[in-house]
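Reproduced below: model16.txt, with compact mmCIF, C-alpha atoms.
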# COMPACT_ATOMS: atom_id res chain seq x y z
CA MET C 1 7.41 3.36 13.83
CA ASN C 2 7.05 6.95 14.97
CA HIS C 3 5.39 9.75 13.03
CA LYS C 4 8.75 10.93 11.65
CA GLU C 5 8.94 7.73 9.60
CA TYR C 6 5.80 8.61 7.61
CA GLU C 7 4.96 11.37 5.20
CA ILE C 8 1.47 12.59 4.36
CA ILE C 9 0.50 12.51 0.69
CA ARG C 10 -2.50 14.30 -0.81
CA CYS C 11 -4.41 11.92 -3.09
CA GLY C 12 -6.29 12.60 -6.30
CA ASP C 13 -9.67 12.81 -4.54
CA GLY C 14 -8.34 15.40 -2.07
CA SER C 15 -8.03 13.00 0.85
CA ASP C 16 -4.74 12.18 2.56
CA THR C 17 -2.80 8.98 2.81
CA LEU C 18 0.48 7.98 4.40
CA LYS C 19 3.69 6.85 2.76
CA ILE C 20 6.53 5.16 4.59
CA LYS C 21 9.58 7.33 4.07
CA ASP C 22 12.37 6.06 1.83
CA SER C 23 10.06 3.46 0.30
CA GLU C 24 7.28 3.15 -2.26
CA ILE C 25 4.88 1.78 0.34
CA SER C 26 1.71 3.81 0.85
CA PHE C 27 -1.46 3.08 2.78
CA HIS C 28 -3.83 3.88 -0.10
CA SER C 29 -3.88 4.49 -3.82
CA SER C 30 -2.62 7.89 -4.94
CA HIS C 31 -5.94 8.27 -6.79
CA GLY C 32 -7.77 8.63 -3.49
CA ALA C 33 -7.92 7.12 -0.03
CA ILE C 34 -11.58 7.79 0.68
CA GLN C 35 -12.87 6.81 -2.76
CA GLU C 36 -10.81 3.61 -2.66
CA SER C 37 -11.97 2.57 0.82
CA GLN C 38 -15.59 3.42 0.05
CA HIS C 39 -15.61 1.42 -3.18
CA ILE C 40 -13.81 -1.70 -1.93
CA PHE C 41 -14.77 -2.10 1.70
CA ILE C 42 -18.14 -0.35 2.00
CA ASP C 43 -19.78 -0.76 -1.42
CA ALA C 44 -18.32 -4.14 -2.45
CA GLY C 45 -18.11 -5.39 1.13
CA LEU C 46 -20.50 -4.12 3.80
CA LYS C 47 -23.34 -2.86 1.59
CA HIS C 48 -23.16 -5.92 -0.65
CA PHE C 49 -23.30 -8.28 2.32
CA LYS C 50 -26.24 -6.42 3.86
CA GLU C 51 -28.15 -6.53 0.58
CA LYS C 52 -27.61 -10.30 0.45
CA ASN C 53 -28.63 -10.69 4.11
CA PRO C 54 -31.27 -7.99 4.70
CA GLY C 55 -32.65 -9.64 7.83
CA LEU C 56 -29.37 -9.46 9.77
CA LYS C 57 -29.43 -6.88 12.56
CA LYS C 58 -25.80 -7.43 13.56
CA ILE C 59 -22.72 -7.82 11.33
CA LYS C 60 -19.24 -8.68 12.56
CA ILE C 61 -16.25 -7.39 10.60
CA PHE C 62 -12.58 -8.30 10.95
CA GLU C 63 -10.04 -5.96 9.39
CA VAL C 64 -6.49 -7.00 8.59
CA GLY C 65 -4.55 -3.75 8.97
CA PHE C 66 -6.23 -1.00 11.02
CA GLY C 67 -3.83 1.55 9.53
CA THR C 68 -5.28 5.06 9.46
CA GLY C 69 -8.67 3.94 10.78
CA LEU C 70 -10.41 5.09 7.60
CA ASN C 71 -12.17 1.78 6.90
CA ALA C 72 -13.46 1.66 10.47
CA LEU C 73 -14.68 5.26 10.23
CA LEU C 74 -16.59 4.58 7.01
CA ALA C 75 -18.12 1.42 8.49
CA ALA C 76 -19.23 3.32 11.60
CA MET C 77 -20.82 5.97 9.37
CA GLN C 78 -22.61 3.31 7.33
CA ALA C 79 -24.03 1.34 10.27
CA PRO C 80 -26.99 3.64 11.12
CA LYS C 81 -27.79 4.05 7.42
CA ILE C 82 -28.34 0.31 7.05
CA LYS C 83 -29.91 0.08 10.53
CA THR C 84 -27.46 -2.62 11.55
CA THR C 85 -25.19 -2.95 14.57
CA ILE C 86 -21.58 -3.55 13.58
CA GLU C 87 -19.01 -5.21 15.81
CA TYR C 88 -15.68 -4.33 14.26
CA HIS C 89 -12.40 -6.03 15.10
CA ALA C 90 -9.12 -4.82 13.58
CA ILE C 91 -5.63 -6.23 13.92
CA ASP C 92 -2.41 -4.29 13.45
CA LEU C 93 1.11 -5.17 14.55
CA HIS C 94 2.41 -1.61 14.22
CA PRO C 95 -0.27 0.92 15.24
CA LEU C 96 0.30 4.49 14.13
CA PRO C 97 1.31 7.12 16.69
CA ASP C 98 -1.81 8.77 18.14
CA ASP C 99 -0.85 12.27 17.06
CA LEU C 100 -0.47 11.24 13.42
CA PHE C 101 -4.21 10.60 13.01
CA PHE C 102 -4.93 14.27 13.68
CA LYS C 103 -2.73 15.31 10.76
CA LEU C 104 -4.95 13.43 8.26
CA ASN C 105 -7.96 15.16 6.74
CA TYR C 106 -10.59 12.38 6.77
CA ALA C 107 -12.60 13.87 9.64
CA GLU C 108 -12.63 17.25 7.92
CA ILE C 109 -13.76 15.90 4.55
CA LEU C 110 -16.38 13.58 6.04
CA ASN C 111 -17.40 16.00 8.79
CA GLU C 112 -16.94 13.34 11.47
CA PHE C 113 -14.42 14.86 13.88
CA GLU C 114 -15.66 13.28 17.11
CA LEU C 115 -16.32 9.87 15.56
CA TYR C 116 -12.86 9.66 14.01
CA LYS C 117 -11.22 10.87 17.20
CA THR C 118 -13.05 8.24 19.27
CA ILE C 119 -12.23 5.43 16.82
CA THR C 120 -8.54 6.24 16.65
CA GLN C 121 -8.00 7.08 20.32
CA THR C 122 -9.87 4.26 22.06
CA PRO C 123 -7.63 1.79 23.93
CA TRP C 124 -6.27 -1.26 22.17
CA ASN C 125 -7.16 -4.86 23.04
CA GLN C 126 -10.60 -4.18 24.50
CA LEU C 127 -14.09 -4.00 23.02
CA VAL C 128 -15.45 -0.45 23.20
CA PHE C 129 -18.90 0.95 22.42
CA ILE C 130 -18.29 3.82 20.01
CA THR C 131 -21.92 4.59 19.02
CA PRO C 132 -25.22 2.76 19.55
CA PHE C 133 -24.59 1.08 16.18
CA PHE C 134 -20.84 0.49 16.35
CA LYS C 135 -18.54 -1.47 18.68
CA LEU C 136 -14.79 -1.60 18.10
CA LYS C 137 -11.95 -3.83 19.23
CA LYS C 138 -8.46 -2.95 18.01
CA VAL C 139 -5.96 -5.76 18.50
CA GLU C 140 -2.23 -5.08 18.57
CA ALA C 141 -0.87 -8.41 17.38
CA ASP C 142 0.83 -10.34 14.60
CA LEU C 143 -1.76 -12.03 12.38
CA THR C 144 0.58 -14.93 11.66
CA ALA C 145 0.52 -15.87 15.36
CA TYR C 146 -3.00 -14.66 16.21
CA ALA C 147 -5.83 -17.04 17.09
CA SER C 148 -9.47 -16.13 17.71
CA ASN C 149 -12.57 -18.03 18.76
CA GLU C 150 -14.74 -15.30 17.22
CA LYS C 151 -16.74 -15.77 14.02
CA PHE C 152 -17.13 -12.99 11.47
CA ASP C 153 -19.31 -12.12 8.50
CA ILE C 154 -16.92 -9.89 6.57
CA ILE C 155 -13.14 -9.72 6.31
CA TYR C 156 -11.53 -6.47 5.20
CA PHE C 157 -8.16 -7.71 3.95
CA ASP C 158 -6.19 -4.46 3.76
CA ALA C 159 -2.62 -5.49 4.49
CA PHE C 160 0.26 -3.98 2.55
CA ALA C 161 0.78 -5.49 -0.91
CA PRO C 162 2.16 -9.04 -1.35
CA ASP C 163 5.55 -7.69 -2.41
CA ASP C 164 5.77 -5.75 0.87
CA GLN C 165 4.12 -8.21 3.29
CA PRO C 166 4.35 -11.62 1.58
CA GLU C 167 3.82 -13.48 4.87
CA LEU C 168 0.20 -12.25 5.03
CA TRP C 169 -0.89 -13.39 1.55
CA THR C 170 -0.38 -17.12 1.95
CA GLU C 171 -2.63 -20.16 1.95
CA ASP C 172 -1.98 -20.57 5.68
CA ILE C 173 -3.27 -17.08 6.43
CA PHE C 174 -6.28 -17.41 4.14
CA LYS C 175 -7.13 -20.77 5.71
CA LYS C 176 -7.07 -19.07 9.10
CA ILE C 177 -9.37 -16.37 7.70
CA PHE C 178 -11.65 -18.96 6.06
CA ASP C 179 -12.07 -20.76 9.37
CA VAL C 180 -13.26 -17.66 11.26
CA LEU C 181 -15.85 -16.72 8.63
CA ASN C 182 -19.48 -17.64 9.04
CA SER C 183 -21.14 -19.58 6.24
CA ARG C 184 -21.53 -17.31 3.19
CA GLY C 185 -19.24 -14.77 4.79
CA ILE C 186 -17.11 -12.69 2.46
CA LEU C 187 -13.60 -11.32 2.17
CA VAL C 188 -12.88 -8.18 0.17
CA THR C 189 -9.45 -6.92 -0.86
CA TYR C 190 -7.90 -4.45 -3.24
CA CYS C 191 -5.34 -6.99 -4.48
CA SER C 192 -6.31 -9.18 -7.44
CA LYS C 193 -2.91 -10.72 -8.21
CA SER C 194 -3.01 -14.29 -9.48
CA ILE C 195 -1.08 -15.57 -6.46
CA VAL C 196 -3.79 -14.15 -4.20
CA GLN C 197 -6.58 -15.66 -6.29
CA LYS C 198 -4.86 -19.06 -6.24
CA ALA C 199 -4.32 -18.97 -2.48
CA LEU C 200 -7.94 -17.99 -1.80
CA THR C 201 -9.28 -20.66 -4.12
CA ALA C 202 -7.00 -23.32 -2.64
CA VAL C 203 -8.53 -22.93 0.84
CA GLY C 204 -12.14 -23.06 -0.39
CA PHE C 205 -13.19 -19.53 -1.32
CA THR C 206 -15.26 -18.74 -4.40
CA ILE C 207 -13.71 -15.75 -6.17
CA GLU C 208 -15.39 -12.81 -7.88
CA LYS C 209 -13.50 -10.16 -9.81
CA ILE C 210 -15.17 -6.78 -9.43
CA GLN C 211 -14.47 -3.49 -11.17
CA GLY C 212 -12.03 -1.54 -9.08
CA PRO C 213 -12.10 2.08 -7.91
CA ARG C 214 -10.60 4.86 -9.97
CA GLY C 215 -7.06 3.93 -10.97
CA LYS C 216 -7.50 0.19 -10.38
CA ARG C 217 -8.88 -2.26 -12.95
CA GLU C 218 -10.30 -4.88 -10.60
CA ILE C 219 -10.59 -6.00 -6.99
CA LEU C 220 -11.54 -9.32 -5.39
CA ARG C 221 -14.49 -10.50 -3.37
CA ALA C 222 -14.21 -14.04 -2.01
CA THR C 223 -17.14 -15.95 -0.51
CA ARG C 224 -17.11 -18.86 1.89
CA SER C 225 -19.61 -21.00 0.02

Translate the structure described by the file into structure tokens.
Amino acid sequence: MNHKEYEIIRCGDGSDTLKIKDSEISFHSSHGAIQESQHIFIDAGLKHFKEKNPGLKKIKIFEVGFGTGLNALLAAMQAPKIKTTIEYHAIDLHPLPDDLFFKLNYAEILNEFELYKTITQTPWNQLVFITPFFKLKKVEADLTAYASNEKFDIIYFDAFAPDDQPELWTEDIFKKIFDVLNSRGILVTYCSKSIVQKALTAVGFTIEKIQGPRGKREILRATRS
């Protein structure tokens, strides 16, 4: 898609998100992109995992759906605070046009212009050192056909909703995810639908329901136990 196929929406917390034109599909909740990503992926994901594993000096994250790069930006900001090196892999079949990132206001709100620019503009399909604490590999590929020999500690499952991308919320996909997680690794996602819970449980995950961010009752954290 090109940038003309998206429209920028101002969320309730003042941050921007994207909506695909002529659809109801948006990249974040209308209540707030930054508050949603911080709550689900940083607080319930990265910070929780670090608290459970304080001795780890390196954490590997795999994100399903690079999207606007907001989750990667927040993770890169968090890494020096928890004194942990993060190797961050993200997969996306339809990367956004480069110029569209500069129309979003995340860097302005978070005061991280250079970091956001570097994260969003680095080449795809190669591992790049972004900061001393953060390495990034963006993969342009279809998750349903993607295979990796890497092992990860945290999965950010941030695909579009099951009604919009049903092929990514299946037992087959979650089994693939389960197999690349280290022991006691976790998956966090905004979607708590019963079909997602059943699929995660069927492949061996232990499910926790967690209070969601503003505007969402609950989210899921799944552990490879």

For Thr206 of chain C, list every protein, DNA or RNA residue within 10 Å, evaluated using all atoms listed in the file, and leave out those in the same chain fewer than 5 positions away; present the list as a PyMOL selection string. chain C and resi 184+186+197+200-201+221-225

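For segment 103-119 of chain C, the residues within 8 Å (counting all atoms listed in the file, excluding itself and residues fewer than 2 positions away along the chain) are Ile8, Ser15, Asp16, Thr17, Ile34, Gly69, Leu70, Ala72, Leu73, Asp99, Leu100, Phe101, Gln121, Thr122, Ile130 and Leu136 of chain C.
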
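With all atoms listed in the file as the atoms that count, the residue of C:Gly185, C:Gly32, C:Gly67, C:Pro80 with the shortest distance to Val139 of chain C is C:Gly67.
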
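For the set C:Leu181, C:Ile219, C:Ala147, C:Phe134, the residue with the smallest atom-to-atom gap to Ile91 of chain C is C:Ala147, counting all atoms listed in the file.
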
Skipping near chain neighbours, those fewer than 4 positions away, what residues fall within 10 Å of segment 149-152 of chain C using only C-alpha atoms, listed as a PyMOL selection string? chain C and resi 59-62+87-89+177-183+185-186

Counting all atoms listed in the file, which residue out of C:Thr144, C:Ile25, C:Lys175, C:Ile86 sits closest to Val128 of chain C? C:Ile86

Hey, what's within 7 Å of Val203 of chain C if we count only C-alpha atoms and toss same-chain stuff fewer than 4 positions away? As a VMD selection string, please? chain C and resid 171 174 to 175 199

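Between Val188 of chain C and the candidates C:Ser23, C:Thr84, C:Gln38, C:Thr170, the tightest atom-to-atom separation, counting all atoms listed in the file, involves C:Gln38.
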
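You can rank C:Leu168, C:Ile154, C:Val64, C:Ala44 by their closest distance to Ala90 of chain C using all atoms listed in the file, and at the top of that list sits C:Val64.
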
Draw an axis-aligned box over all listed atoms of segment 134-142 of chain C, pad each side with 4 Å, and write its centre and edge lengths in Å, one decimal, as JSON.
{"center_x": -10.0, "center_y": -4.9, "center_z": 16.9, "size_x": 29.7, "size_y": 18.8, "size_z": 12.6}

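You will find atom CA of Glu5 of chain C at 25.3 Å from atom CA of Tyr156 of chain C.
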
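Of the listed residues C:Phe102, C:Thr68, C:Phe157, C:Ala33, the one whose atoms come nearest to Leu187 of chain C is C:Phe157, with distances taken using all atoms listed in the file.
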
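Between atom CA of Lys209 of chain C and atom CA of Ser37 of chain C the separation is 16.7 Å.
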
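When atom CA of Ser148 of chain C is paired with atom CA of Phe27 of chain C, their separation reads 25.6 Å.
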
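With all atoms listed in the file taken into account, the protein and nucleic acid residues at most 8 Å from Gly212 of chain C (excluding it and anything under 5 positions from it in its own chain) are C:His39, C:Ile40, C:Tyr190, C:Arg217, C:Glu218, C:Ile219.
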
From the coordinates supplied, segment 61-104 of chain C should be written with N, CA and C atoms, as a short mmCIF file (atom, residue, chain, number, x, y, z; two decimals), in the first residue's frame.
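Saved result, decode_2.cif, follows:
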data_model
loop_
_atom_site.label_atom_id
_atom_site.label_comp_id
_atom_site.auth_asym_id
_atom_site.auth_seq_id
_atom_site.Cartn_x
_atom_site.Cartn_y
_atom_site.Cartn_z
N ILE C 61 13.40 -10.17 21.30
CA ILE C 61 11.97 -9.94 21.06
C ILE C 61 11.65 -10.18 19.60
N PHE C 62 10.51 -10.80 19.35
CA PHE C 62 10.00 -10.97 17.99
C PHE C 62 8.63 -10.32 17.91
N GLU C 63 8.48 -9.37 16.99
CA GLU C 63 7.21 -8.67 16.84
C GLU C 63 6.50 -9.11 15.57
N VAL C 64 5.25 -9.50 15.72
CA VAL C 64 4.40 -9.81 14.57
C VAL C 64 3.66 -8.53 14.21
N GLY C 65 4.11 -7.86 13.14
CA GLY C 65 3.50 -6.63 12.69
C GLY C 65 4.29 -5.40 13.09
N PHE C 66 5.33 -5.05 12.33
CA PHE C 66 6.15 -3.87 12.66
C PHE C 66 5.33 -2.60 12.62
N GLY C 67 4.42 -2.50 11.64
CA GLY C 67 3.49 -1.37 11.57
C GLY C 67 4.16 -0.01 11.57
N THR C 68 3.80 0.82 12.54
CA THR C 68 4.31 2.19 12.63
C THR C 68 5.67 2.27 13.32
N GLY C 69 6.16 1.14 13.84
CA GLY C 69 7.44 1.14 14.55
C GLY C 69 7.35 1.62 15.98
N LEU C 70 6.14 1.87 16.47
CA LEU C 70 5.99 2.41 17.82
C LEU C 70 6.45 1.42 18.88
N ASN C 71 6.10 0.15 18.75
CA ASN C 71 6.52 -0.83 19.76
C ASN C 71 8.04 -0.95 19.80
N ALA C 72 8.67 -0.92 18.64
CA ALA C 72 10.14 -0.98 18.59
C ALA C 72 10.75 0.25 19.24
N LEU C 73 10.18 1.42 18.98
CA LEU C 73 10.68 2.66 19.58
C LEU C 73 10.60 2.60 21.10
N LEU C 74 9.48 2.18 21.63
CA LEU C 74 9.31 2.12 23.08
C LEU C 74 10.26 1.09 23.70
N ALA C 75 10.48 -0.03 23.00
CA ALA C 75 11.43 -1.03 23.50
C ALA C 75 12.85 -0.48 23.52
N ALA C 76 13.22 0.25 22.46
CA ALA C 76 14.56 0.84 22.40
C ALA C 76 14.75 1.87 23.50
N MET C 77 13.69 2.60 23.83
CA MET C 77 13.77 3.58 24.92
C MET C 77 13.89 2.90 26.28
N GLN C 78 13.27 1.74 26.40
CA GLN C 78 13.26 1.03 27.68
C GLN C 78 14.57 0.31 27.97
N ALA C 79 15.26 -0.13 26.92
CA ALA C 79 16.46 -0.96 27.09
C ALA C 79 17.49 -0.37 28.04
N PRO C 80 17.93 0.89 27.87
CA PRO C 80 18.93 1.41 28.81
C PRO C 80 18.40 1.58 30.22
N LYS C 81 17.08 1.77 30.36
CA LYS C 81 16.50 1.93 31.69
C LYS C 81 16.59 0.64 32.49
N ILE C 82 16.47 -0.50 31.80
CA ILE C 82 16.56 -1.79 32.50
C ILE C 82 17.95 -2.41 32.35
N LYS C 83 18.87 -1.62 31.76
CA LYS C 83 20.27 -2.04 31.61
C LYS C 83 20.38 -3.42 30.95
N THR C 84 19.64 -3.56 29.85
CA THR C 84 19.58 -4.84 29.15
C THR C 84 19.67 -4.59 27.65
N THR C 85 20.50 -5.38 26.98
CA THR C 85 20.58 -5.30 25.53
C THR C 85 19.38 -6.03 24.92
N ILE C 86 18.73 -5.40 23.97
CA ILE C 86 17.59 -6.00 23.30
C ILE C 86 17.93 -6.23 21.84
N GLU C 87 17.71 -7.46 21.40
CA GLU C 87 17.78 -7.78 19.97
C GLU C 87 16.34 -7.96 19.51
N TYR C 88 15.92 -7.10 18.61
CA TYR C 88 14.51 -6.97 18.26
C TYR C 88 14.30 -7.34 16.80
N HIS C 89 13.52 -8.38 16.57
CA HIS C 89 13.16 -8.79 15.21
C HIS C 89 11.69 -8.48 14.99
N ALA C 90 11.34 -7.97 13.83
CA ALA C 90 9.95 -7.65 13.52
C ALA C 90 9.63 -8.09 12.09
N ILE C 91 8.48 -8.71 11.92
CA ILE C 91 8.08 -9.18 10.60
C ILE C 91 6.86 -8.41 10.13
N ASP C 92 6.86 -8.05 8.85
CA ASP C 92 5.73 -7.33 8.27
C ASP C 92 5.70 -7.59 6.77
N LEU C 93 4.57 -8.04 6.29
CA LEU C 93 4.45 -8.35 4.86
C LEU C 93 4.25 -7.09 4.02
N HIS C 94 3.67 -6.06 4.62
CA HIS C 94 3.38 -4.82 3.89
C HIS C 94 3.93 -3.61 4.66
N PRO C 95 5.25 -3.38 4.59
CA PRO C 95 5.82 -2.23 5.29
C PRO C 95 5.21 -0.92 4.82
N LEU C 96 5.11 0.02 5.73
CA LEU C 96 4.58 1.34 5.39
C LEU C 96 5.58 2.10 4.51
N PRO C 97 5.08 3.01 3.67
CA PRO C 97 5.99 3.88 2.92
C PRO C 97 6.85 4.72 3.87
N ASP C 98 8.12 4.90 3.52
CA ASP C 98 9.04 5.60 4.43
C ASP C 98 8.54 6.98 4.83
N ASP C 99 7.97 7.71 3.89
CA ASP C 99 7.59 9.09 4.21
C ASP C 99 6.42 9.17 5.17
N LEU C 100 5.66 8.09 5.30
CA LEU C 100 4.48 8.13 6.17
C LEU C 100 4.88 8.19 7.64
N PHE C 101 6.01 7.59 8.01
CA PHE C 101 6.45 7.61 9.40
C PHE C 101 6.63 9.05 9.91
N PHE C 102 7.11 9.92 9.01
CA PHE C 102 7.42 11.29 9.42
C PHE C 102 6.16 12.13 9.62
N LYS C 103 5.02 11.61 9.23
CA LYS C 103 3.76 12.32 9.43
C LYS C 103 3.13 11.99 10.79
N LEU C 104 3.65 10.97 11.48
CA LEU C 104 3.15 10.57 12.79
C LEU C 104 3.88 11.34 13.88
#
